[in-house]
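Coordinates as given in model35.txt (compact mmCIF, C-alpha atoms and all ligand atoms):
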# COMPACT_ATOMS: atom_id res chain seq x y z
CA VAL A 212 100.90 73.58 95.79
CA LEU A 213 99.19 75.92 98.17
CA ASP A 214 95.47 75.42 97.73
CA HIS A 215 92.79 78.02 98.23
CA SER A 216 91.23 76.49 101.32
CA THR A 217 94.59 76.49 103.13
CA ILE A 218 95.09 80.13 102.22
CA ASP A 219 91.55 80.93 103.31
CA THR A 220 92.04 79.27 106.69
CA THR A 221 95.31 81.09 107.35
CA ALA A 222 93.90 84.41 106.17
CA SER A 223 90.91 84.00 108.48
CA GLU A 224 93.26 84.05 111.46
CA LEU A 225 94.67 87.40 110.26
CA ASP A 226 91.54 89.30 109.21
CA ASP A 227 91.01 91.18 112.49
CA ALA A 228 94.69 92.04 112.95
CA LEU A 229 94.91 93.42 109.41
CA ILE A 230 91.86 95.63 109.92
CA ALA A 231 93.50 96.90 113.12
CA LEU A 232 96.72 97.57 111.19
CA ARG A 233 94.80 99.47 108.52
CA ARG A 234 93.14 101.63 111.17
CA ASP A 235 96.49 102.31 112.82
CA ILE A 236 97.97 103.46 109.51
CA HIS A 237 94.83 105.44 108.72
CA ARG A 238 95.00 107.24 112.06
CA TRP A 239 98.60 108.40 111.44
CA PRO A 240 98.84 109.17 107.69
CA GLU A 241 102.14 110.33 106.23
CA LEU A 242 102.69 112.31 103.03
CA ALA A 243 104.92 111.23 100.15
CA GLY A 244 108.52 111.13 101.30
CA GLY A 245 107.62 111.06 105.01
CA GLU A 246 106.42 107.48 105.47
CA ARG A 247 108.64 106.74 108.49
CA ARG A 248 106.05 105.36 110.88
CA THR A 249 104.17 103.42 108.23
CA ALA A 250 107.39 101.83 106.99
CA ARG A 251 108.34 100.92 110.55
CA LEU A 252 105.02 99.13 111.06
CA VAL A 253 105.51 97.26 107.80
CA VAL A 254 109.07 96.28 108.71
CA ASP A 255 108.01 95.01 112.14
CA HIS A 256 105.37 92.77 110.58
CA LEU A 257 107.62 91.47 107.81
CA ARG A 258 110.47 90.65 110.19
CA ARG A 259 108.08 88.89 112.54
CA ALA A 260 106.84 86.86 109.60
CA GLY A 261 110.45 85.82 108.92
CA LEU A 262 111.14 87.76 105.73
CA THR A 263 114.50 89.27 104.83
CA VAL A 264 113.90 93.02 104.90
CA THR A 265 115.72 95.97 103.37
CA THR A 266 114.67 99.44 104.48
CA GLY A 267 115.18 102.95 103.14
CA VAL A 268 114.76 101.98 99.51
CA GLY A 269 114.05 105.11 97.48
CA GLY A 270 113.25 107.04 100.64
CA HIS A 271 111.25 105.10 103.20
CA GLY A 272 110.52 102.21 100.87
CA VAL A 273 110.72 98.64 102.12
CA VAL A 274 111.73 95.58 100.11
CA ALA A 275 111.33 92.13 101.59
CA VAL A 276 112.12 88.67 100.30
CA LEU A 277 110.30 85.47 101.13
CA ALA A 278 112.29 82.47 99.96
CA GLY A 279 110.51 79.24 99.13
CA ALA A 280 111.77 75.81 100.04
CA ASP A 281 113.01 75.08 96.53
CA ASP A 282 114.32 76.81 93.42
CA GLY A 283 111.77 78.43 91.18
CA PRO A 284 110.59 81.67 89.64
CA THR A 285 110.39 85.08 91.29
CA VAL A 286 107.18 87.00 91.67
CA ALA A 287 106.63 90.41 93.24
CA PHE A 288 103.85 92.30 94.94
CA ARG A 289 103.89 96.08 95.08
CA ALA A 290 101.92 98.27 97.46
CA ASP A 291 102.19 102.00 98.19
CA MET A 292 102.24 103.69 101.59
CA ASP A 293 101.74 107.45 101.30
CA ALA A 294 98.65 109.47 102.12
CA VAL A 295 96.97 112.43 100.43
CA GLU A 296 97.28 116.11 101.32
CA ASP A 297 93.63 116.78 102.14
CA HIS A 298 91.08 116.70 104.95
CA GLU A 299 88.82 113.73 105.43
CA LEU A 300 85.20 113.98 106.47
CA PHE A 301 85.38 110.72 108.41
CA ASP A 302 85.36 111.46 112.14
CA GLY A 303 85.21 107.97 113.58
CA ASP A 304 87.64 106.55 116.10
CA PHE A 305 90.39 105.91 113.58
CA ALA A 306 90.08 109.27 111.79
CA SER A 307 93.30 110.99 110.78
CA GLN A 308 95.12 112.62 113.68
CA VAL A 309 97.30 114.63 111.29
CA PRO A 310 95.68 117.89 110.15
CA GLY A 311 95.39 118.16 106.39
CA VAL A 312 96.67 114.65 105.70
CA ALA A 313 94.48 111.61 105.17
CA HIS A 314 94.44 108.19 103.56
CA LEU A 315 91.91 109.04 100.87
CA CYS A 316 93.52 106.84 98.22
CA GLY A 317 93.43 103.50 100.00
CA HIS A 318 97.17 103.08 100.43
CA ASP A 319 96.46 102.09 104.05
CA LEU A 320 94.45 99.20 102.58
CA HIS A 321 97.12 98.31 100.00
CA THR A 322 99.79 98.25 102.70
CA SER A 323 97.71 96.10 105.05
CA ILE A 324 96.97 93.66 102.25
CA GLY A 325 100.68 93.42 101.38
CA VAL A 326 101.50 92.66 105.01
CA GLY A 327 98.72 90.07 105.08
CA VAL A 328 99.92 88.34 101.92
CA ALA A 329 103.44 88.18 103.38
CA HIS A 330 102.14 86.61 106.59
CA VAL A 331 99.99 84.05 104.77
CA LEU A 332 102.71 82.95 102.36
CA ALA A 333 105.38 82.92 105.08
CA ARG A 334 103.30 80.47 107.12
CA HIS A 335 103.43 78.07 104.19
CA GLN A 336 106.97 78.79 103.07
CA ASP A 337 107.78 75.09 102.98
CA ARG A 338 105.17 74.58 100.26
CA LEU A 339 106.46 77.35 97.99
CA ARG A 340 109.24 77.26 95.46
CA GLY A 341 111.06 80.29 94.09
CA ARG A 342 110.68 83.55 95.93
CA VAL A 343 108.24 86.37 96.52
CA LEU A 344 109.39 89.97 96.64
CA PHE A 345 107.31 92.51 98.52
CA LEU A 346 107.74 96.13 97.50
CA PHE A 347 106.26 98.77 99.79
CA GLN A 348 106.73 101.90 97.81
CA PRO A 349 106.80 105.44 99.18
CA ALA A 350 105.70 108.59 97.38
CA GLU A 351 103.25 107.23 94.88
CA GLU A 352 100.92 110.21 95.16
CA THR A 353 103.40 112.82 94.02
CA LEU A 354 103.62 111.15 90.65
CA SER A 355 100.06 109.99 90.05
CA GLY A 356 96.39 110.22 90.85
CA ALA A 357 94.00 107.72 92.31
CA ALA A 358 93.49 105.11 89.67
CA ALA A 359 95.67 103.85 86.89
CA ASP A 360 95.79 102.92 83.31
CA MET A 361 95.03 99.47 82.13
CA LEU A 362 95.63 99.85 78.44
CA ARG A 363 96.17 97.43 75.69
CA SER A 364 97.55 98.26 72.28
CA ASP A 365 94.43 96.75 70.70
CA GLY A 366 92.00 98.42 73.10
CA PRO A 367 89.31 100.82 71.93
CA LEU A 368 91.11 103.80 73.37
CA ALA A 369 94.47 103.06 71.74
CA ARG A 370 96.12 106.10 70.26
CA PHE A 371 93.87 108.19 72.42
CA VAL A 372 95.17 111.31 74.13
CA PHE A 373 93.60 112.33 77.38
CA VAL A 374 94.02 115.71 79.03
CA GLN A 375 93.01 116.73 82.50
CA SER A 376 93.59 120.22 83.76
CA SER A 377 93.35 122.57 86.69
CA GLN A 378 93.45 126.31 86.35
CA HIS A 379 94.43 129.27 88.47
CA VAL A 380 93.17 132.69 87.36
CA THR A 381 94.45 135.87 89.00
CA GLY A 382 93.51 139.22 87.45
CA GLN A 383 94.57 139.30 83.82
CA HIS A 384 96.91 136.35 84.22
CA ALA A 385 95.69 132.81 83.84
CA GLU A 386 97.81 129.75 84.44
CA LEU A 387 96.67 126.38 83.25
CA GLN A 388 98.34 123.17 84.39
CA VAL A 389 97.72 120.29 82.06
CA TRP A 390 98.54 116.61 82.21
CA VAL A 391 98.98 115.22 78.75
CA LYS A 392 98.55 111.49 78.37
CA ALA A 393 99.50 109.63 75.25
CA TRP A 394 99.16 106.06 74.13
CA PRO A 395 101.18 104.48 72.71
CA ASP A 396 104.35 106.12 74.03
CA GLU A 397 105.61 106.76 70.49
CA ARG A 398 102.80 109.25 70.16
CA TYR A 399 104.33 111.52 72.81
CA PRO A 400 107.17 113.29 70.93
CA ALA A 401 104.70 114.95 68.54
CA LEU A 402 102.44 116.15 71.35
CA PRO A 403 104.46 119.05 72.81
CA ASP A 404 104.67 120.64 69.35
CA GLU A 405 100.95 120.27 68.78
CA VAL A 406 100.10 121.69 72.20
CA SER A 407 102.56 124.57 71.75
CA GLN A 408 100.96 125.51 68.42
CA LEU A 409 97.47 125.44 69.94
CA VAL A 410 98.51 127.59 72.88
CA ALA A 411 100.44 130.05 70.69
CA ALA A 412 97.40 130.44 68.45
CA ALA A 413 95.47 131.51 71.54
CA GLY A 414 98.16 134.03 72.50
CA GLY A 415 99.64 131.96 75.33
CA ARG A 416 102.92 130.40 76.24
CA VAL A 417 103.60 126.82 77.28
CA GLU A 418 106.36 124.99 79.13
CA PHE A 419 106.99 121.27 79.59
CA PRO A 420 108.93 121.18 82.87
CA THR A 421 108.93 117.43 83.44
CA PRO A 422 110.06 114.70 81.08
CA PRO A 423 107.35 112.34 79.81
CA PHE A 424 106.29 109.44 81.99
CA PRO A 425 105.65 106.09 80.35
CA ALA A 426 102.20 104.62 79.93
CA MET A 427 101.46 101.68 82.23
CA VAL A 428 101.00 98.61 80.09
CA CYS A 429 99.96 95.37 81.79
CA SER A 430 100.68 91.95 80.36
CA PRO A 431 97.49 90.65 78.69
CA GLU A 432 98.57 87.05 79.35
CA LEU A 433 99.15 87.63 83.05
CA SER A 434 95.96 89.64 83.38
CA GLU A 435 93.98 86.81 81.82
CA ALA A 436 95.77 84.23 83.96
CA ALA A 437 94.91 86.27 87.04
CA ALA A 438 91.28 86.58 85.99
CA ALA A 439 91.03 82.83 85.43
CA TYR A 440 92.57 82.05 88.82
CA LEU A 441 90.46 84.60 90.68
CA ARG A 442 87.22 83.52 89.01
CA GLY A 443 87.99 79.99 90.12
CA THR A 444 88.53 80.98 93.73
CA LEU A 445 86.36 84.05 94.31
CA GLY A 446 83.53 83.26 91.90
CA GLU A 447 82.64 83.95 88.26
CA ASP A 448 81.03 87.29 89.04
CA ALA A 449 83.81 88.53 91.32
CA VAL A 450 86.25 89.51 88.59
CA ASP A 451 86.23 91.90 85.65
CA VAL A 452 89.10 92.36 83.24
CA LEU A 453 89.38 96.04 82.34
CA ARG A 454 90.81 96.94 78.97
CA ALA A 455 92.03 100.45 78.27
CA ALA A 456 90.47 101.46 81.54
CA PHE A 457 89.13 104.90 82.23
CA PRO A 458 90.25 107.16 83.82
CA PHE A 459 93.78 107.45 82.51
CA ASN A 460 95.94 108.37 85.42
CA GLY A 461 99.65 108.72 85.84
CA GLU A 462 100.92 105.64 87.64
CA ASP A 463 104.52 104.90 88.45
CA PHE A 464 103.81 101.18 88.46
CA ALA A 465 104.49 101.74 84.75
CA LEU A 466 108.19 101.85 85.62
CA PHE A 467 108.05 98.35 87.14
CA LEU A 468 106.21 97.08 84.10
CA GLN A 469 108.96 98.39 81.85
CA GLN A 470 111.30 95.92 83.58
CA VAL A 471 109.09 92.86 84.08
CA PRO A 472 105.68 91.80 82.83
CA GLY A 473 102.94 92.39 85.37
CA ALA A 474 99.37 93.28 86.03
CA MET A 475 97.55 95.93 87.98
CA PHE A 476 94.55 94.97 90.09
CA TYR A 477 91.72 97.11 91.30
CA LEU A 478 90.08 96.04 94.51
CA GLY A 479 86.42 96.86 94.98
CA VAL A 480 85.90 98.39 98.42
CA ALA A 481 82.57 100.16 98.04
CA ASN A 482 79.47 99.00 99.84
CA PRO A 483 76.44 101.16 98.96
CA ALA A 484 74.35 99.45 101.65
CA THR A 485 76.57 100.87 104.37
CA GLY A 486 77.45 104.15 102.65
CA MET A 487 81.02 103.10 101.81
CA ASN A 488 81.65 104.95 98.56
CA GLY A 489 85.16 103.69 97.78
CA ILE A 490 85.92 106.75 95.67
CA PRO A 491 89.64 107.54 95.89
CA HIS A 492 90.63 111.13 96.67
CA SER A 493 87.16 112.17 97.73
CA PRO A 494 87.03 113.71 101.22
CA ASP A 495 84.38 111.16 102.21
CA PHE A 496 86.33 108.15 100.94
CA ALA A 497 85.22 105.11 102.88
CA ALA A 498 86.00 101.45 102.37
CA ASP A 499 84.39 98.23 103.48
CA GLU A 500 87.32 96.75 105.40
CA ARG A 501 86.29 93.19 104.57
CA ALA A 502 87.93 93.95 101.23
CA ILE A 503 91.30 93.61 102.98
CA GLY A 504 90.68 89.91 103.54
CA THR A 505 89.50 89.52 99.96
CA GLY A 506 92.67 91.16 98.72
CA VAL A 507 94.88 88.98 100.90
CA ARG A 508 93.21 85.75 99.76
CA ALA A 509 93.25 86.82 96.11
CA MET A 510 96.87 87.92 96.01
CA ALA A 511 98.35 85.21 98.22
CA GLY A 512 96.57 82.60 96.15
CA PHE A 513 97.49 84.06 92.80
CA LEU A 514 101.14 84.61 93.70
CA ALA A 515 101.36 81.01 94.95
CA SER A 516 99.75 79.78 91.74
CA ARG A 517 102.34 81.65 89.66
CA LEU A 518 105.17 80.11 91.64
CA ALA A 519 103.69 76.69 91.03
CA ALA A 520 103.12 77.32 87.32
CA ARG A 521 105.44 75.61 84.89
CA PRO A 522 107.25 78.00 82.52
CA SER A 523 105.16 76.63 79.64
CA ASP A 524 102.02 77.82 81.41
CA SER A 525 102.92 81.34 80.47
CA SER A 526 104.02 82.72 77.16
CA GLY A 527 106.29 85.22 78.84
CA PRO A 528 108.92 85.15 81.58
CA CYS A 529 107.85 83.82 84.95
CA GLN A 530 108.37 87.05 86.80
CA LEU A 531 105.29 88.91 87.74
CA SER A 532 104.69 92.11 89.56
CA ILE A 533 101.41 93.00 91.07
CA ARG A 534 99.96 96.06 92.60
CA PHE A 535 96.60 96.99 93.93
CA ASP A 536 94.55 100.04 93.48
CA ILE A 537 91.13 100.83 94.78
CA PHE A 538 88.13 100.71 92.53
CA GLY A 539 85.00 102.26 93.88
CA CYS A 540 82.21 100.09 92.63
ZN ZN B 601 96.00 108.56 94.92

Encoding of this model in structure tokens:
Amino acid sequence: VLDHSTIDTTASELDDALIALRRDIHRWPELAGGERRTARLVVDHLRRAGLTVTTGVGGHGVVAVLAGADDGPTVAFRADMDAVEDHELFDGDFASQVPGVAHLCGHDLHTSIGVGVAHVLARHQDRLRGRVLFLFQPAEETLSGAAADMLRSDGPLARFVFVQSSQHVTGQHAELQVWVKAWPDERYPALPDEVSQLVAAAGGRVEFPTPPFPAMVCSPELSEAAAAYLRGTLGEDAVDVLRAAFPFNGEDFALFLQQVPGAMFYLGVANPATGMNGIPHSPDFAADERAIGTGVRAMAGFLASRLAARPSDSSGPCQLSIRFDIFGC
């Protein structure tokens, strides 16, 4: 079994290189569907680490496999690579060189952490069983916002419907775009009718151009297992388990979770002492880059612990998918 101190030692050798990688990606952000350069950087790293790499998955997505020395379960880590269509206020030496495009959602951090986890686990391949899949996903932003749901059917916000809107008013004509979020999913079919009736009563007209997107539901067992592992390695106070987390955002990690049980992790990157706000999608988004090393240690360790776990350690299948998002506090 790969212990935490071994992971910590290996990760320490990578910390500076991963910060440099994050700055490189940050300097040359790419919008959803255009992640060519970012994917190339990822592929170079993964191949150097000895992983089997497939490119061009769903656009510029990258899938890599790290095989352990023995048979065992499969776990997966998912990161996203695309940037946001916006200007950043940051004007330091790794500021965006692409006008109107910036990594304001931390995907440069997610990607660097994914690369780091791959490097750490690859160095200790002989001590792993099963396999680890790494999914570097393109075009996350076009489907979702900054944060993501972490809902449970018994959470306090169950059966809650959340609406966020943006409006464009020109002359006598007003257009309102609304995201409708429903939990549980069975609640959705009734919603379009209810919204249509409300809008009609106000003299308006409504269209539902896109089919509904599923809610993202994490495995409670895996979330608790992750919390227990991370508290043991990072400290009691380092971990919170969020239930029915606010805000509700669209998150296509939900599609992975429809196939296999998994958990979504937020990584704290804010540091008020140095003015790092860690607020995704804000023009002054700034992250304490030491969080990259924390993410690498946390995820490499937890993935290794899942591979080592006996099937009876978990009430569900052994597969696990993981993704990171940024949490600004
Ligand atoms: Zn985002």

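Comparing A:Ala519, A:Val471, A:Cys316, A:Ala275 by their smallest distance to A:Val254, the closest is A:Ala275 (using all atoms listed in the file).
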
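Atom pair atom CA of A:Gly489 / atom CA of A:Asp226: separated by 19.5 Å.
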
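Of the residues listed (A:Arg338, A:His321, A:Arg501, A:Arg247), A:His321 shows the shortest atom-to-atom separation from ligand ZN 601 (chain B); distances use all atoms listed in the file.
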
Determine, counting all atoms listed in the file, which protein, DNA and RNA residues have an atom within 10 Å of an atom of A:Arg258; residues of the same chain fewer than 5 positions away are not included. Present the result as a list in words.
-> Val253, Thr263, Val264, Ala275 and His330 of chain A

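The coordinates place atom CA of A:Arg289 at 13.1 Å from atom CA of A:Asp319.
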
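Every protein or nucleic acid residue with an atom no more than 9 Å from A:Pro494, counting all atoms listed in the file and leaving out same-chain residues fewer than 6 positions away, appears here: Asp297, His298, Glu299, Leu300, Phe301, Ala313 and Leu315 of chain A.
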
Writing all heavy atoms and nothing else, produce stretch 258-271 of chain A as a PDB file, in the first residue's frame.
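Saved file out_28.pdb follows:
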ATOM      1  N   ARG A 258       2.669  10.959 -21.158  1.00  0.00           N
ATOM      2  CA  ARG A 258       3.509   9.986 -21.872  1.00  0.00           C
ATOM      3  C   ARG A 258       4.854   9.856 -21.182  1.00  0.00           C
ATOM      4  O   ARG A 258       5.388   8.748 -21.035  1.00  0.00           O
ATOM      5  CB  ARG A 258       3.679  10.411 -23.336  1.00  0.00           C
ATOM      6  CG  ARG A 258       2.380  10.263 -24.134  1.00  0.00           C
ATOM      7  CD  ARG A 258       2.636   9.896 -25.607  1.00  0.00           C
ATOM      8  NE  ARG A 258       1.381   9.485 -26.241  1.00  0.00           N
ATOM      9  CZ  ARG A 258       0.753  10.156 -27.198  1.00  0.00           C
ATOM     10  NH1 ARG A 258       1.291  11.275 -27.694  1.00  0.00           N
ATOM     11  NH2 ARG A 258      -0.388   9.716 -27.708  1.00  0.00           N
ATOM     12  N   ARG A 259       5.398  10.989 -20.744  1.00  0.00           N
ATOM     13  CA  ARG A 259       6.679  10.958 -20.041  1.00  0.00           C
ATOM     14  C   ARG A 259       6.574  10.150 -18.747  1.00  0.00           C
ATOM     15  O   ARG A 259       7.537   9.512 -18.317  1.00  0.00           O
ATOM     16  CB  ARG A 259       7.142  12.390 -19.726  1.00  0.00           C
ATOM     17  CG  ARG A 259       8.502  12.724 -20.354  1.00  0.00           C
ATOM     18  CD  ARG A 259       8.931  14.133 -19.967  1.00  0.00           C
ATOM     19  NE  ARG A 259       8.043  15.137 -20.517  1.00  0.00           N
ATOM     20  CZ  ARG A 259       7.739  16.294 -19.923  1.00  0.00           C
ATOM     21  NH1 ARG A 259       8.231  16.577 -18.734  1.00  0.00           N
ATOM     22  NH2 ARG A 259       6.928  17.155 -20.503  1.00  0.00           N
ATOM     23  N   ALA A 260       5.400  10.232 -18.135  1.00  0.00           N
ATOM     24  CA  ALA A 260       5.197   9.482 -16.891  1.00  0.00           C
ATOM     25  C   ALA A 260       4.960   7.994 -17.168  1.00  0.00           C
ATOM     26  O   ALA A 260       4.887   7.196 -16.235  1.00  0.00           O
ATOM     27  CB  ALA A 260       4.018  10.062 -16.118  1.00  0.00           C
ATOM     28  N   GLY A 261       4.783   7.632 -18.438  1.00  0.00           N
ATOM     29  CA  GLY A 261       4.653   6.220 -18.795  1.00  0.00           C
ATOM     30  C   GLY A 261       3.229   5.720 -18.931  1.00  0.00           C
ATOM     31  O   GLY A 261       2.995   4.514 -19.001  1.00  0.00           O
ATOM     32  N   LEU A 262       2.270   6.654 -18.974  1.00  0.00           N
ATOM     33  CA  LEU A 262       0.877   6.228 -19.106  1.00  0.00           C
ATOM     34  C   LEU A 262       0.530   5.935 -20.571  1.00  0.00           C
ATOM     35  O   LEU A 262       1.173   6.441 -21.482  1.00  0.00           O
ATOM     36  CB  LEU A 262      -0.066   7.314 -18.567  1.00  0.00           C
ATOM     37  CG  LEU A 262      -0.285   7.301 -17.047  1.00  0.00           C
ATOM     38  CD1 LEU A 262       0.953   7.740 -16.305  1.00  0.00           C
ATOM     39  CD2 LEU A 262      -1.467   8.192 -16.677  1.00  0.00           C
ATOM     40  N   THR A 263      -0.494   5.125 -20.763  1.00  0.00           N
ATOM     41  CA  THR A 263      -1.024   4.863 -22.096  1.00  0.00           C
ATOM     42  C   THR A 263      -2.071   5.926 -22.393  1.00  0.00           C
ATOM     43  O   THR A 263      -3.059   6.052 -21.671  1.00  0.00           O
ATOM     44  CB  THR A 263      -1.673   3.467 -22.143  1.00  0.00           C
ATOM     45  OG1 THR A 263      -0.731   2.518 -21.646  1.00  0.00           O
ATOM     46  CG2 THR A 263      -2.073   3.107 -23.559  1.00  0.00           C
ATOM     47  N   VAL A 264      -1.846   6.702 -23.449  1.00  0.00           N
ATOM     48  CA  VAL A 264      -2.633   7.915 -23.671  1.00  0.00           C
ATOM     49  C   VAL A 264      -3.462   7.825 -24.950  1.00  0.00           C
ATOM     50  O   VAL A 264      -2.965   7.389 -25.984  1.00  0.00           O
ATOM     51  CB  VAL A 264      -1.698   9.142 -23.758  1.00  0.00           C
ATOM     52  CG1 VAL A 264      -2.495  10.410 -24.009  1.00  0.00           C
ATOM     53  CG2 VAL A 264      -0.867   9.273 -22.484  1.00  0.00           C
ATOM     54  N   THR A 265      -4.720   8.224 -24.846  1.00  0.00           N
ATOM     55  CA  THR A 265      -5.574   8.376 -26.021  1.00  0.00           C
ATOM     56  C   THR A 265      -5.950   9.852 -26.138  1.00  0.00           C
ATOM     57  O   THR A 265      -6.379  10.458 -25.156  1.00  0.00           O
ATOM     58  CB  THR A 265      -6.870   7.542 -25.875  1.00  0.00           C
ATOM     59  OG1 THR A 265      -6.513   6.199 -25.561  1.00  0.00           O
ATOM     60  CG2 THR A 265      -7.674   7.566 -27.170  1.00  0.00           C
ATOM     61  N   THR A 266      -5.801  10.399 -27.327  1.00  0.00           N
ATOM     62  CA  THR A 266      -6.088  11.831 -27.510  1.00  0.00           C
ATOM     63  C   THR A 266      -7.350  12.015 -28.338  1.00  0.00           C
ATOM     64  O   THR A 266      -7.891  11.064 -28.914  1.00  0.00           O
ATOM     65  CB  THR A 266      -4.921  12.532 -28.225  1.00  0.00           C
ATOM     66  OG1 THR A 266      -4.742  11.913 -29.506  1.00  0.00           O
ATOM     67  CG2 THR A 266      -3.644  12.413 -27.433  1.00  0.00           C
ATOM     68  N   GLY A 267      -7.822  13.254 -28.404  1.00  0.00           N
ATOM     69  CA  GLY A 267      -8.964  13.587 -29.248  1.00  0.00           C
ATOM     70  C   GLY A 267     -10.256  12.931 -28.807  1.00  0.00           C
ATOM     71  O   GLY A 267     -11.113  12.592 -29.616  1.00  0.00           O
ATOM     72  N   VAL A 268     -10.429  12.774 -27.526  1.00  0.00           N
ATOM     73  CA  VAL A 268     -11.646  12.141 -27.013  1.00  0.00           C
ATOM     74  C   VAL A 268     -12.690  13.234 -26.761  1.00  0.00           C
ATOM     75  O   VAL A 268     -12.499  14.099 -25.918  1.00  0.00           O
ATOM     76  CB  VAL A 268     -11.353  11.378 -25.700  1.00  0.00           C
ATOM     77  CG1 VAL A 268     -12.599  10.641 -25.228  1.00  0.00           C
ATOM     78  CG2 VAL A 268     -10.195  10.404 -25.896  1.00  0.00           C
ATOM     79  N   GLY A 269     -13.761  13.202 -27.517  1.00  0.00           N
ATOM     80  CA  GLY A 269     -14.800  14.225 -27.359  1.00  0.00           C
ATOM     81  C   GLY A 269     -14.283  15.616 -27.662  1.00  0.00           C
ATOM     82  O   GLY A 269     -14.587  16.561 -26.951  1.00  0.00           O
ATOM     83  N   GLY A 270     -13.490  15.743 -28.705  1.00  0.00           N
ATOM     84  CA  GLY A 270     -12.831  17.013 -29.010  1.00  0.00           C
ATOM     85  C   GLY A 270     -11.356  16.874 -28.679  1.00  0.00           C
ATOM     86  O   GLY A 270     -10.694  15.973 -29.178  1.00  0.00           O
ATOM     87  N   HIS A 271     -10.860  17.750 -27.825  1.00  0.00           N
ATOM     88  CA  HIS A 271      -9.442  17.675 -27.460  1.00  0.00           C
ATOM     89  C   HIS A 271      -9.215  16.960 -26.131  1.00  0.00           C
ATOM     90  O   HIS A 271      -8.187  17.149 -25.483  1.00  0.00           O
ATOM     91  CB  HIS A 271      -8.841  19.080 -27.419  1.00  0.00           C
ATOM     92  CG  HIS A 271      -8.888  19.756 -28.755  1.00  0.00           C
ATOM     93  ND1 HIS A 271      -8.117  19.349 -29.817  1.00  0.00           N
ATOM     94  CD2 HIS A 271      -9.657  20.773 -29.218  1.00  0.00           C
ATOM     95  CE1 HIS A 271      -8.394  20.097 -30.883  1.00  0.00           C
ATOM     96  NE2 HIS A 271      -9.331  20.965 -30.543  1.00  0.00           N
TER      97      HIS A 271
END
